[in-house]
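The file my_file_6.cif comes next; it holds mmCIF, C-alpha atoms.
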```cif
data_run
#
loop_
_atom_site.label_atom_id
_atom_site.label_comp_id
_atom_site.auth_asym_id
_atom_site.auth_seq_id
_atom_site.Cartn_x
_atom_site.Cartn_y
_atom_site.Cartn_z
CA PHE A 1 128.66 142.60 43.52
CA ILE A 2 127.63 144.13 46.84
CA SER A 3 126.74 140.67 48.18
CA ALA A 4 130.12 139.30 47.13
CA LEU A 5 131.83 142.27 48.74
CA ASN A 6 129.83 141.62 51.89
CA ASN A 7 131.02 137.99 52.02
CA ILE A 8 134.65 139.08 51.64
CA ASN A 9 134.01 141.70 54.30
CA ASP A 10 132.80 139.05 56.78
CA ILE A 11 135.95 136.99 56.21
CA VAL A 12 138.28 139.99 56.60
CA PHE A 13 136.62 141.13 59.83
CA LYS A 14 136.29 137.65 61.36
CA THR A 15 139.35 138.06 63.62
CA VAL A 16 138.38 141.62 64.51
CA ASP A 17 134.87 140.45 65.44
CA LEU A 18 136.24 137.79 67.76
CA TYR A 19 138.39 140.41 69.50
CA ILE A 20 135.47 142.84 69.87
CA GLU A 21 133.28 140.06 71.29
CA SER A 22 135.90 139.44 73.97
CA LEU A 23 135.68 143.04 75.21
CA PRO A 24 133.81 143.68 78.49
CA PHE A 25 130.97 145.56 76.78
CA ALA A 26 127.23 144.95 76.74
CA GLU A 27 125.93 142.92 73.82
CA TRP A 28 124.11 145.90 72.28
CA GLY A 29 127.37 147.88 72.32
CA ILE A 30 129.38 145.05 70.76
CA ASP A 31 126.78 144.66 67.99
CA ALA A 32 126.88 148.40 67.26
CA ILE A 33 130.68 148.45 67.01
CA LYS A 34 130.77 145.35 64.78
CA ASP A 35 128.00 146.62 62.47
CA SER A 36 129.66 150.02 62.11
CA LEU A 37 133.11 148.57 61.40
CA HIS A 38 131.69 146.24 58.75
CA MET A 39 130.38 149.30 56.90
CA LEU A 40 133.83 150.90 56.51
CA PRO A 41 134.88 149.12 53.26
CA PHE A 42 131.48 149.78 51.68
CA LEU A 43 131.53 153.45 52.61
CA PHE A 44 135.09 153.96 51.37
CA PHE A 45 134.40 152.20 48.06
CA ILE A 46 131.20 154.21 47.50
CA PHE A 47 132.82 157.55 48.40
CA VAL A 48 135.82 156.90 46.11
CA LEU A 49 133.40 156.16 43.26
CA ILE A 50 131.39 159.30 44.02
CA GLU A 51 134.54 161.43 44.23
CA CYS A 52 135.77 160.18 40.85
CA ILE A 53 132.46 161.04 39.21
CA GLU A 54 132.42 164.48 40.87
CA TYR A 55 136.04 165.11 39.83
CA PHE A 56 135.53 164.26 36.17
CA CYS A 57 131.92 165.42 35.73
CA SER A 58 131.47 168.36 38.13
CA ASP A 59 131.94 171.08 35.49
CA LYS A 60 129.65 169.32 33.01
CA MET A 61 126.96 168.90 35.66
CA THR A 62 127.22 172.59 36.57
CA GLN A 63 127.04 173.80 32.96
CA PHE A 64 124.19 171.41 32.17
CA ALA A 65 122.17 172.74 35.11
CA LYS A 66 123.04 176.33 34.16
CA TYR A 67 121.89 176.12 30.54
CA SER A 68 119.00 173.69 31.03
CA SER A 69 116.44 176.52 30.80
CA LYS A 70 112.90 175.10 30.94
CA THR A 71 114.19 171.59 31.64
CA GLY A 72 115.77 172.90 34.87
CA PRO A 73 113.57 171.08 37.43
CA LEU A 74 113.88 167.82 35.48
CA ALA A 75 117.64 168.11 35.01
CA GLY A 76 118.18 169.32 38.58
CA SER A 77 116.16 166.49 40.12
CA LEU A 78 117.92 163.80 38.10
CA LEU A 79 121.41 165.17 38.80
CA ALA A 80 120.67 165.70 42.51
CA SER A 81 119.46 162.11 42.92
CA PHE A 82 123.03 160.94 42.47
CA PRO A 83 124.51 160.47 45.97
CA GLN A 84 126.96 163.35 46.26
CA CYS A 85 127.33 166.23 48.68
CA GLY A 86 128.22 169.04 46.28
CA PHE A 87 125.35 169.50 43.85
CA SER A 88 123.04 171.26 46.30
CA VAL A 89 125.88 173.73 46.95
CA ILE A 90 126.36 174.22 43.20
CA ALA A 91 122.61 174.75 42.73
CA SER A 92 122.50 177.33 45.53
CA THR A 93 125.44 179.19 43.98
CA LEU A 94 123.78 179.18 40.55
CA TYR A 95 120.54 180.46 42.09
CA THR A 96 122.25 183.35 43.90
CA LYS A 97 123.64 184.37 40.49
CA LYS A 98 120.12 184.12 38.97
CA LEU A 99 121.26 181.37 36.59
CA ILE A 100 118.56 178.87 37.57
CA THR A 101 114.95 179.33 38.65
CA LYS A 102 113.50 178.95 42.11
CA GLY A 103 111.69 175.83 40.95
CA THR A 104 114.96 174.23 39.80
CA LEU A 105 116.61 175.01 43.14
CA ILE A 106 113.71 173.51 45.11
CA ALA A 107 113.75 170.47 42.80
CA VAL A 108 117.45 169.93 43.57
CA PHE A 109 116.91 170.31 47.33
CA LEU A 110 113.98 167.87 47.32
CA SER A 111 115.81 165.25 45.25
CA THR A 112 119.21 165.29 46.93
CA SER A 113 119.74 162.41 49.34
CA ASP A 114 122.99 163.41 51.08
CA GLU A 115 124.31 160.29 52.89
CA ALA A 116 121.12 158.20 52.69
CA ILE A 117 122.08 156.09 49.66
CA PRO A 118 125.65 155.24 50.80
CA VAL A 119 124.28 154.24 54.22
CA ILE A 120 121.65 151.94 52.68
CA LEU A 121 124.25 150.46 50.32
CA SER A 122 126.26 149.55 53.40
CA TYR A 123 123.39 147.22 54.36
CA PRO A 124 123.27 144.75 51.41
CA SER A 125 120.04 143.19 52.71
CA LYS A 126 118.33 146.60 52.60
CA MET A 127 119.36 147.65 49.07
CA TYR A 128 115.78 147.17 47.84
CA LEU A 129 114.87 150.35 49.75
CA ILE A 130 116.96 152.57 47.47
CA VAL A 131 114.82 152.57 44.32
CA PRO A 132 111.49 153.56 46.00
CA ILE A 133 113.22 156.38 47.91
CA ILE A 134 115.03 157.77 44.85
CA LEU A 135 112.03 157.51 42.53
CA THR A 136 109.70 159.14 45.06
CA LYS A 137 112.09 162.01 45.78
CA VAL A 138 112.85 162.63 42.10
CA ALA A 139 109.13 162.60 41.22
CA ILE A 140 108.43 165.07 44.04
CA GLY A 141 111.31 167.28 42.93
CA ILE A 142 110.23 167.39 39.28
CA ILE A 143 106.55 168.05 39.98
CA ALA A 144 107.20 170.61 42.72
CA GLY A 145 109.87 172.37 40.68
CA TYR A 146 107.70 172.86 37.61
CA LEU A 147 104.67 173.81 39.72
CA ILE A 148 106.67 176.47 41.58
CA ASP A 149 108.07 177.91 38.34
CA PHE A 150 104.60 177.94 36.80
CA LEU A 151 103.01 179.68 39.78
CA LEU A 152 105.80 182.21 40.17
CA ASP A 153 106.14 182.74 36.41
CA GLN A 154 109.91 182.36 36.63
CA PHE A 155 110.64 180.66 33.33
CA LYS A 156 113.41 182.80 31.89
CA ASN A 157 116.24 182.15 29.49
CA SER A 158 119.66 182.28 31.12
CA ASN A 159 122.02 184.99 29.91
CA SER A 160 124.71 183.05 28.08
CA GLU A 161 127.26 185.77 28.73
CA GLU A 162 126.88 185.49 32.48
CA LYS A 163 129.66 183.39 33.94
CA ILE A 164 130.14 181.53 37.17
CA ASP A 165 132.73 183.28 39.26
CA ILE A 166 135.24 180.50 39.65
CA THR A 167 137.32 182.63 41.98
CA GLU A 168 134.71 181.82 44.60
CA VAL A 169 135.59 178.40 45.96
CA ASP A 170 132.60 176.76 47.59
CA GLU A 171 133.41 174.07 50.10
CA GLY A 172 131.54 170.84 50.55
CA CYS A 173 131.64 168.49 53.47
CA CYS A 174 135.11 167.86 54.96
CA LYS A 175 136.13 171.29 53.54
CA HIS A 176 136.86 169.88 50.08
CA HIS A 177 136.61 172.13 47.02
CA ILE A 178 133.56 171.71 44.79
CA HIS A 179 134.12 174.03 41.80
CA LYS A 180 137.88 173.35 41.79
CA PRO A 181 138.33 169.68 42.68
CA ARG A 182 141.92 168.59 43.26
CA LYS A 183 143.51 165.23 42.42
CA ARG A 184 144.43 164.73 46.07
CA ASP A 185 140.70 164.81 46.88
CA LEU A 186 140.22 161.56 44.95
CA ILE A 187 141.68 159.72 47.95
CA ILE A 188 141.95 162.23 50.80
CA HIS A 189 138.31 163.30 50.74
CA PRO A 190 136.87 159.74 50.62
CA ILE A 191 139.08 158.83 53.61
CA GLU A 192 137.97 161.91 55.59
CA HIS A 193 134.34 161.42 54.55
CA THR A 194 134.40 157.72 55.45
CA ILE A 195 135.82 158.47 58.91
CA ASN A 196 133.28 161.24 59.57
CA VAL A 197 130.30 159.17 58.43
CA PHE A 198 131.60 156.12 60.34
CA ILE A 199 131.73 158.17 63.57
CA PHE A 200 128.17 159.43 62.99
CA ILE A 201 126.93 155.91 62.25
CA LEU A 202 128.70 154.44 65.29
CA VAL A 203 127.26 157.06 67.67
CA ILE A 204 123.74 156.80 66.22
CA THR A 205 123.84 152.97 66.13
CA LEU A 206 125.03 152.83 69.75
CA GLY A 207 122.11 155.05 70.75
CA LEU A 208 119.58 153.02 68.75
CA ASN A 209 120.88 149.67 70.03
CA PHE A 210 120.77 150.92 73.61
CA LEU A 211 117.19 152.10 73.08
CA ILE A 212 116.21 148.78 71.47
CA HIS A 213 117.76 146.95 74.42
CA LYS A 214 115.78 149.06 76.90
CA ILE A 215 112.40 148.78 75.18
CA GLY A 216 112.63 145.04 74.53
CA GLY A 217 113.40 144.63 70.85
CA GLU A 218 113.17 146.25 67.40
CA GLU A 219 109.50 145.31 67.12
CA ASN A 220 108.74 147.95 69.80
CA LEU A 221 110.92 150.65 68.25
CA GLY A 222 108.20 151.90 65.91
CA GLN A 223 105.80 152.53 68.79
CA TYR A 224 108.46 154.50 70.64
CA PHE A 225 108.89 156.82 67.64
CA MET A 226 105.15 157.20 66.98
CA CYS A 227 105.33 154.97 63.90
CA ASN A 228 102.34 155.46 61.54
CA SER A 229 101.52 158.78 63.24
CA VAL A 230 100.97 161.84 61.02
CA PHE A 231 103.14 163.79 63.45
CA GLN A 232 106.19 161.70 62.61
CA PRO A 233 106.74 163.24 59.11
CA ILE A 234 106.44 166.70 60.68
CA ILE A 235 109.23 165.94 63.14
CA THR A 236 111.53 164.35 60.53
CA GLY A 237 110.81 167.17 58.08
CA ILE A 238 111.86 169.83 60.58
CA ALA A 239 114.91 167.79 61.63
CA GLY A 240 115.94 167.44 57.99
CA LEU A 241 116.52 171.19 57.72
CA ILE A 242 119.58 170.89 59.98
CA PRO A 243 122.50 171.21 57.50
CA ASN A 244 124.54 168.25 58.70
CA CYS A 245 124.91 164.80 57.14
CA ALA A 246 124.42 163.25 60.59
CA ILE A 247 120.70 164.08 60.27
CA SER A 248 120.21 162.20 57.00
CA ILE A 249 122.21 159.30 58.45
CA ALA A 250 120.02 159.22 61.56
CA ILE A 251 116.78 159.39 59.54
CA THR A 252 117.98 156.61 57.22
CA LEU A 253 119.06 154.35 60.10
CA LEU A 254 115.74 154.89 61.86
CA TYR A 255 113.95 153.83 58.68
CA ILE A 256 116.17 150.75 58.25
CA LYS A 257 115.45 149.76 61.87
CA GLY A 258 111.72 150.20 61.32
CA ALA A 259 111.38 153.11 63.75
CA ILE A 260 109.86 155.50 61.19
CA GLY A 261 107.59 154.98 58.21
CA PHE A 262 108.14 155.56 54.49
CA GLY A 263 106.34 158.91 54.59
CA SER A 264 108.58 160.06 57.41
CA VAL A 265 111.83 159.08 55.70
CA ILE A 266 110.68 160.87 52.52
CA SER A 267 109.76 163.98 54.53
CA GLY A 268 113.10 164.03 56.35
CA LEU A 269 115.24 163.33 53.29
CA CYS A 270 113.34 165.81 51.08
CA SER A 271 113.91 168.70 53.49
CA SER A 272 117.52 167.62 54.04
CA ALA A 273 119.29 169.85 51.51
CA GLY A 274 122.62 169.64 53.31
CA LEU A 275 125.17 172.41 52.85
CA GLY A 276 123.09 173.94 50.07
CA LEU A 277 120.96 175.69 52.68
CA LEU A 278 124.06 177.18 54.35
CA VAL A 279 125.26 178.60 51.02
CA LEU A 280 121.80 180.05 50.41
CA LEU A 281 121.69 181.67 53.86
CA LYS A 282 125.17 183.09 53.34
CA LYS A 283 124.96 184.38 49.78
CA ASN A 284 121.34 184.84 48.72
CA THR A 285 119.68 188.24 48.87
CA PRO A 286 117.20 189.42 49.91
CA PHE A 287 117.00 187.37 53.10
CA LYS A 288 113.20 187.17 52.75
CA ASP A 289 113.69 185.18 49.56
CA THR A 290 115.83 182.62 51.41
CA ILE A 291 113.18 182.27 54.12
CA LYS A 292 110.51 181.71 51.45
CA ILE A 293 112.61 178.95 49.85
CA ILE A 294 113.17 177.23 53.21
CA LEU A 295 109.46 177.45 54.06
CA MET A 296 108.48 176.06 50.66
CA LEU A 297 110.99 173.22 51.04
CA LEU A 298 109.70 172.39 54.52
CA GLY A 299 106.03 172.74 53.55
CA ILE A 300 106.33 170.45 50.51
CA SER A 301 108.35 167.87 52.47
CA ILE A 302 105.94 167.72 55.40
CA PHE A 303 102.75 167.82 53.29
CA LEU A 304 103.83 164.98 51.02
CA GLY A 305 105.36 163.06 53.93
CA VAL A 306 102.05 163.17 55.81
CA LEU A 307 100.15 162.27 52.63
CA ILE A 308 102.38 159.25 51.91
CA GLN A 309 102.26 158.17 55.55
CA SER A 310 98.45 158.33 55.49
CA ILE A 311 98.27 156.30 52.26
CA TYR A 312 100.61 153.65 53.66
CA ASN A 313 98.58 153.44 56.87
#
```
Exercise: express the given structure as structure tokens:
Amino acid sequence: FISALNNINDIVFKTVDLYIESLPFAEWGIDAIKDSLHMLPFLFFIFVLIECIEYFCSDKMTQFAKYSSKTGPLAGSLLASFPQCGFSVIASTLYTKKLITKGTLIAVFLSTSDEAIPVILSYPSKMYLIVPIILTKVAIGIIAGYLIDFLLDQFKNSNSEEKIDITEVDEGCCKHHIHKPRKRDLIIHPIEHTINVFIFILVITLGLNFLIHKIGGEENLGQYFMCNSVFQPIITGIAGLIPNCAISIAITLLYIKGAIGFGSVISGLCSSAGLGLLVLLKKNTPFKDTIKIILMLLGISIFLGVLIQSIYN
């Protein structure tokens, strides 16, 4: 289906491509603009699909995570692996209300992929990268989540009478409502999200193409970014903590271009918990607990990233 959509996409953009090629820009700039524009239909289609699932299933996902009890890390990892921007926020909110364990929260953060999957789907020839990334992140989330709960002895039954305060309206990316999705968001949010991600992709692709042009080709890109170095997962892991989808986009594009290794992309995407970290910093008390969670998230991401990078080397 994606391949067929890609063929239609090439036909639709044929005239636009000819116009862009006539512009007085360098070849690397023209390629970046064309590649980014070709991703627009894919991104919009994917974000509409994601928004529909979030709209109709958000409450069920929240309640399932809330009452999952000892299956929390498993349930949280599986739900977070779905490419959406709201579940890490929901998990952080549930944690601040003591409705899920620390292990479940860490499992969600480690498994969430933010914009990585939609970006890879926009490159039909790179779709084979999705399954290894998702499976690795989910496995890490499940194992780490249960290990943390075991070590901290935090397995507790949720109080069924405790309710989520729905008067608090958490916002996801593009300022859309998460706990109270609106019908207008089914179209408005995908449009806003597509535009925002397109801008990030265009800027990052322009930068990467310019760098590739300067260093003499994609085959040299890995050396420029210390490919196969154990320091690379450390850098991507720290960068992943920045709560902005541009970071996960940049890490994913670097991996697609061959600039970073598999261990590095796993490290960066595992620590990239998106807006969930902002909610935690804003609402969780005591502050020391939030710092511990961030340090655990970063430590697990970097350690396993370095380990995977070493195995691949």
- prompt: What is the distance, in Å and to one decimal place, between CA of Leu241 (chain A) and CA of Tyr146 (chain A)?
  reply: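 According to the coordinates, CA of Leu241 (chain A) and CA of Tyr146 (chain A) are separated by 22.0 Å.
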- prompt: Taking all atoms listed in the file into account, which of A:Ile30, A:Lys126, A:Gly141, A:Ala116 comes nearest Leu79 (chain A)?
  reply: A:Gly141
- prompt: the PyMOL selection byres ((chain A and resi 269) around 8) on the file shown: which residues, as a list of chain:residue names?
  reply: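 Selection result, ordered by chain and number: A:Leu110, A:Thr112, A:Ser113, A:Ala116, A:Gly237, A:Gly240, A:Ser248, A:Ile251, A:Val265, A:Ile266, A:Ser267, A:Gly268, A:Cys270, A:Ser271, A:Ser272, A:Ala273.
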Residue among A:Leu254, A:Ile100, A:Ile90, A:Val279 lying closest to Ile212 (chain A), counting all atoms listed in the file: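 That would be A:Leu254, the residue with the smallest distance to Ile212 (chain A).
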- request: Go through A:Lys137, A:Lys288, A:His213, A:Lys14 and flag the residue nearest Ser111 (chain A), using only C-alpha atoms for the distances.
  value: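 The shortest atom-to-atom distance to Ser111 (chain A) comes from A:Lys137.
Put simply, CA of Val138 (chain A) is 5.5 Å away from CA of Ser77 (chain A).
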message: Residues within 10 Å of Gln309 (chain A), please, as a ChimeraX atom specification. Count only C-alpha atoms; anything in the same chain fewer than 5 positions from it doesn't count.
response: /A:227-233,260-267,303-304
Selection file, C-alpha atoms, as a CSV table (one decimal), in the frame of the given file:
```csv
chain,number,residue,atom,x,y,z
A,227,CYS,CA,105.3,155.0,63.9
A,228,ASN,CA,102.3,155.5,61.5
A,229,SER,CA,101.5,158.8,63.2
A,230,VAL,CA,101.0,161.8,61.0
A,231,PHE,CA,103.1,163.8,63.4
A,232,GLN,CA,106.2,161.7,62.6
A,233,PRO,CA,106.7,163.2,59.1
A,260,ILE,CA,109.9,155.5,61.2
A,261,GLY,CA,107.6,155.0,58.2
A,262,PHE,CA,108.1,155.6,54.5
A,263,GLY,CA,106.3,158.9,54.6
A,264,SER,CA,108.6,160.1,57.4
A,265,VAL,CA,111.8,159.1,55.7
A,266,ILE,CA,110.7,160.9,52.5
A,267,SER,CA,109.8,164.0,54.5
A,303,PHE,CA,102.8,167.8,53.3
A,304,LEU,CA,103.8,165.0,51.0
```
message: Excluding Asp10 (chain A) and its own-chain neighbours fewer than 3 positions away, which residues fall within 12 Å of it when counting only C-alpha atoms? Please give them as JSON, numbers by chain.
response: {"A": [3, 4, 5, 6, 7, 13, 14, 15, 16, 17, 18, 34, 35, 37, 38, 39, 40, 41, 42]}
Residues of the last selection are to be written out with C-alpha atoms, as a tab-separated table (two decimals), keeping the file's coordinate frame.
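Contents of again_37.tsv, freshly written:
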```tsv
chain	number	residue	atom	x	y	z
A	3	SER	CA	126.74	140.67	48.18
A	4	ALA	CA	130.12	139.30	47.13
A	5	LEU	CA	131.83	142.27	48.74
A	6	ASN	CA	129.83	141.62	51.89
A	7	ASN	CA	131.02	137.99	52.02
A	13	PHE	CA	136.62	141.13	59.83
A	14	LYS	CA	136.29	137.65	61.36
A	15	THR	CA	139.35	138.06	63.62
A	16	VAL	CA	138.38	141.62	64.51
A	17	ASP	CA	134.87	140.45	65.44
A	18	LEU	CA	136.24	137.79	67.76
A	34	LYS	CA	130.77	145.35	64.78
A	35	ASP	CA	128.00	146.62	62.47
A	37	LEU	CA	133.11	148.57	61.40
A	38	HIS	CA	131.69	146.24	58.75
A	39	MET	CA	130.38	149.30	56.90
A	40	LEU	CA	133.83	150.90	56.51
A	41	PRO	CA	134.88	149.12	53.26
A	42	PHE	CA	131.48	149.78	51.68
```
task: Take CA of Phe198 (chain A) and CA of Asn9 (chain A) and report the distance between them in Å, one decimal.
output: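 Straight-line distance from CA of Phe198 (chain A) to CA of Asn9 (chain A) works out to 15.8 Å.
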- prompt: Which of these residues is nearest to Gly258 (chain A), using all atoms listed in the file: A:Met226, A:Ile293, A:Ile143, A:Met127?
  reply: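 Looking only at the distances to Gly258 (chain A), the closest residue turns out to be A:Met226.
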query: Which one of A:Thr205, A:Ser125, A:Asn284, A:Ser36 sits closest to Ala91 (chain A) if you count all atoms listed in the file?
result: A:Asn284
Closest of A:Gly217, A:Gly276, A:Pro286, A:Gly76 to Thr93 (chain A) - atom-to-atom distances counting only C-alpha atoms: A:Gly276
Can you tell me, as a PDB file with C-alpha atoms, in the frame of the given file, which residues sit within 10 Å of (129.9, 153.5, 47.9) in the file's frame, using only C-alpha atoms?
```
ATOM      1  CA  ILE A   2     127.630 144.130  46.840  1.00  0.00           C
ATOM      2  CA  MET A  39     130.380 149.300  56.900  1.00  0.00           C
ATOM      3  CA  LEU A  40     133.830 150.900  56.510  1.00  0.00           C
ATOM      4  CA  PRO A  41     134.880 149.120  53.260  1.00  0.00           C
ATOM      5  CA  PHE A  42     131.480 149.780  51.680  1.00  0.00           C
ATOM      6  CA  LEU A  43     131.530 153.450  52.610  1.00  0.00           C
ATOM      7  CA  PHE A  44     135.090 153.960  51.370  1.00  0.00           C
ATOM      8  CA  PHE A  45     134.400 152.200  48.060  1.00  0.00           C
ATOM      9  CA  ILE A  46     131.200 154.210  47.500  1.00  0.00           C
ATOM     10  CA  PHE A  47     132.820 157.550  48.400  1.00  0.00           C
ATOM     11  CA  VAL A  48     135.820 156.900  46.110  1.00  0.00           C
ATOM     12  CA  LEU A  49     133.400 156.160  43.260  1.00  0.00           C
ATOM     13  CA  ILE A  50     131.390 159.300  44.020  1.00  0.00           C
ATOM     14  CA  GLU A  51     134.540 161.430  44.230  1.00  0.00           C
ATOM     15  CA  PRO A  83     124.510 160.470  45.970  1.00  0.00           C
ATOM     16  CA  ILE A 117     122.080 156.090  49.660  1.00  0.00           C
ATOM     17  CA  PRO A 118     125.650 155.240  50.800  1.00  0.00           C
ATOM     18  CA  VAL A 119     124.280 154.240  54.220  1.00  0.00           C
ATOM     19  CA  ILE A 120     121.650 151.940  52.680  1.00  0.00           C
ATOM     20  CA  LEU A 121     124.250 150.460  50.320  1.00  0.00           C
ATOM     21  CA  SER A 122     126.260 149.550  53.400  1.00  0.00           C
ATOM     22  CA  PRO A 190     136.870 159.740  50.620  1.00  0.00           C
ATOM     23  CA  THR A 194     134.400 157.720  55.450  1.00  0.00           C
TER      24      THR A 194
END
```
field: the PyMOL selection byres ((chain A and resi 243) around 7) resolved against shown file, as number ranges by chain
entry: A: 241-242, 244-245, 273-275, 277-278
Output for the residues just chosen: C-alpha atoms as a tab-separated table (two decimals), keeping the file's coordinate frame:
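Saved result, out_20.tsv, follows:
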```tsv
chain	number	residue	atom	x	y	z
A	241	LEU	CA	116.52	171.19	57.72
A	242	ILE	CA	119.58	170.89	59.98
A	244	ASN	CA	124.54	168.25	58.70
A	245	CYS	CA	124.91	164.80	57.14
A	273	ALA	CA	119.29	169.85	51.51
A	274	GLY	CA	122.62	169.64	53.31
A	275	LEU	CA	125.17	172.41	52.85
A	277	LEU	CA	120.96	175.69	52.68
A	278	LEU	CA	124.06	177.18	54.35
```
Complete region 199-210 of chain A with N, CA, C and O atoms (output as an mmCIF file, in the coordinates of the input).
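rebuild.cif was written with the following content:
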```cif
data_model
loop_
_atom_site.group_PDB
_atom_site.id
_atom_site.type_symbol
_atom_site.label_atom_id
_atom_site.label_comp_id
_atom_site.auth_asym_id
_atom_site.auth_seq_id
_atom_site.Cartn_x
_atom_site.Cartn_y
_atom_site.Cartn_z
ATOM 1 N N ILE A 199 131.917 157.683 62.188
ATOM 2 C CA ILE A 199 131.730 158.170 63.570
ATOM 3 C C ILE A 199 130.255 158.462 63.823
ATOM 4 O O ILE A 199 129.689 158.084 64.855
ATOM 5 N N PHE A 200 129.600 159.143 62.853
ATOM 6 C CA PHE A 200 128.170 159.430 62.990
ATOM 7 C C PHE A 200 127.368 158.145 63.112
ATOM 8 O O PHE A 200 126.489 158.008 63.976
ATOM 9 N N ILE A 201 127.669 157.180 62.247
ATOM 10 C CA ILE A 201 126.930 155.910 62.250
ATOM 11 C C ILE A 201 127.144 155.169 63.565
ATOM 12 O O ILE A 201 126.193 154.619 64.144
ATOM 13 N N LEU A 202 128.389 155.147 64.045
ATOM 14 C CA LEU A 202 128.700 154.440 65.290
ATOM 15 C C LEU A 202 127.924 155.049 66.460
ATOM 16 O O LEU A 202 127.297 154.327 67.252
ATOM 17 N N VAL A 203 127.955 156.377 66.569
ATOM 18 C CA VAL A 203 127.260 157.060 67.670
ATOM 19 C C VAL A 203 125.757 156.816 67.596
ATOM 20 O O VAL A 203 125.104 156.482 68.596
ATOM 21 N N ILE A 204 125.183 156.977 66.389
ATOM 22 C CA ILE A 204 123.740 156.800 66.220
ATOM 23 C C ILE A 204 123.337 155.339 66.462
ATOM 24 O O ILE A 204 122.317 155.063 67.105
ATOM 25 N N THR A 205 124.143 154.397 65.951
ATOM 26 C CA THR A 205 123.840 152.970 66.130
ATOM 27 C C THR A 205 123.935 152.579 67.603
ATOM 28 O O THR A 205 123.109 151.781 68.088
ATOM 29 N N LEU A 206 124.921 153.101 68.309
ATOM 30 C CA LEU A 206 125.030 152.830 69.750
ATOM 31 C C LEU A 206 123.769 153.304 70.475
ATOM 32 O O LEU A 206 123.214 152.593 71.321
ATOM 33 N N GLY A 207 123.323 154.508 70.124
ATOM 34 C CA GLY A 207 122.110 155.050 70.750
ATOM 35 C C GLY A 207 120.886 154.216 70.430
ATOM 36 O O GLY A 207 120.070 153.913 71.314
ATOM 37 N N LEU A 208 120.743 153.824 69.153
ATOM 38 C CA LEU A 208 119.580 153.020 68.750
ATOM 39 C C LEU A 208 119.607 151.642 69.401
ATOM 40 O O LEU A 208 118.574 151.151 69.878
ATOM 41 N N ASN A 209 120.779 151.005 69.416
ATOM 42 C CA ASN A 209 120.880 149.670 70.030
ATOM 43 C C ASN A 209 120.591 149.709 71.525
ATOM 44 O O ASN A 209 119.960 148.794 72.071
ATOM 45 N N PHE A 210 121.052 150.770 72.178
ATOM 46 C CA PHE A 210 120.770 150.920 73.610
ATOM 47 C C PHE A 210 119.272 151.085 73.830
ATOM 48 O O PHE A 210 118.687 150.480 74.735
#
```
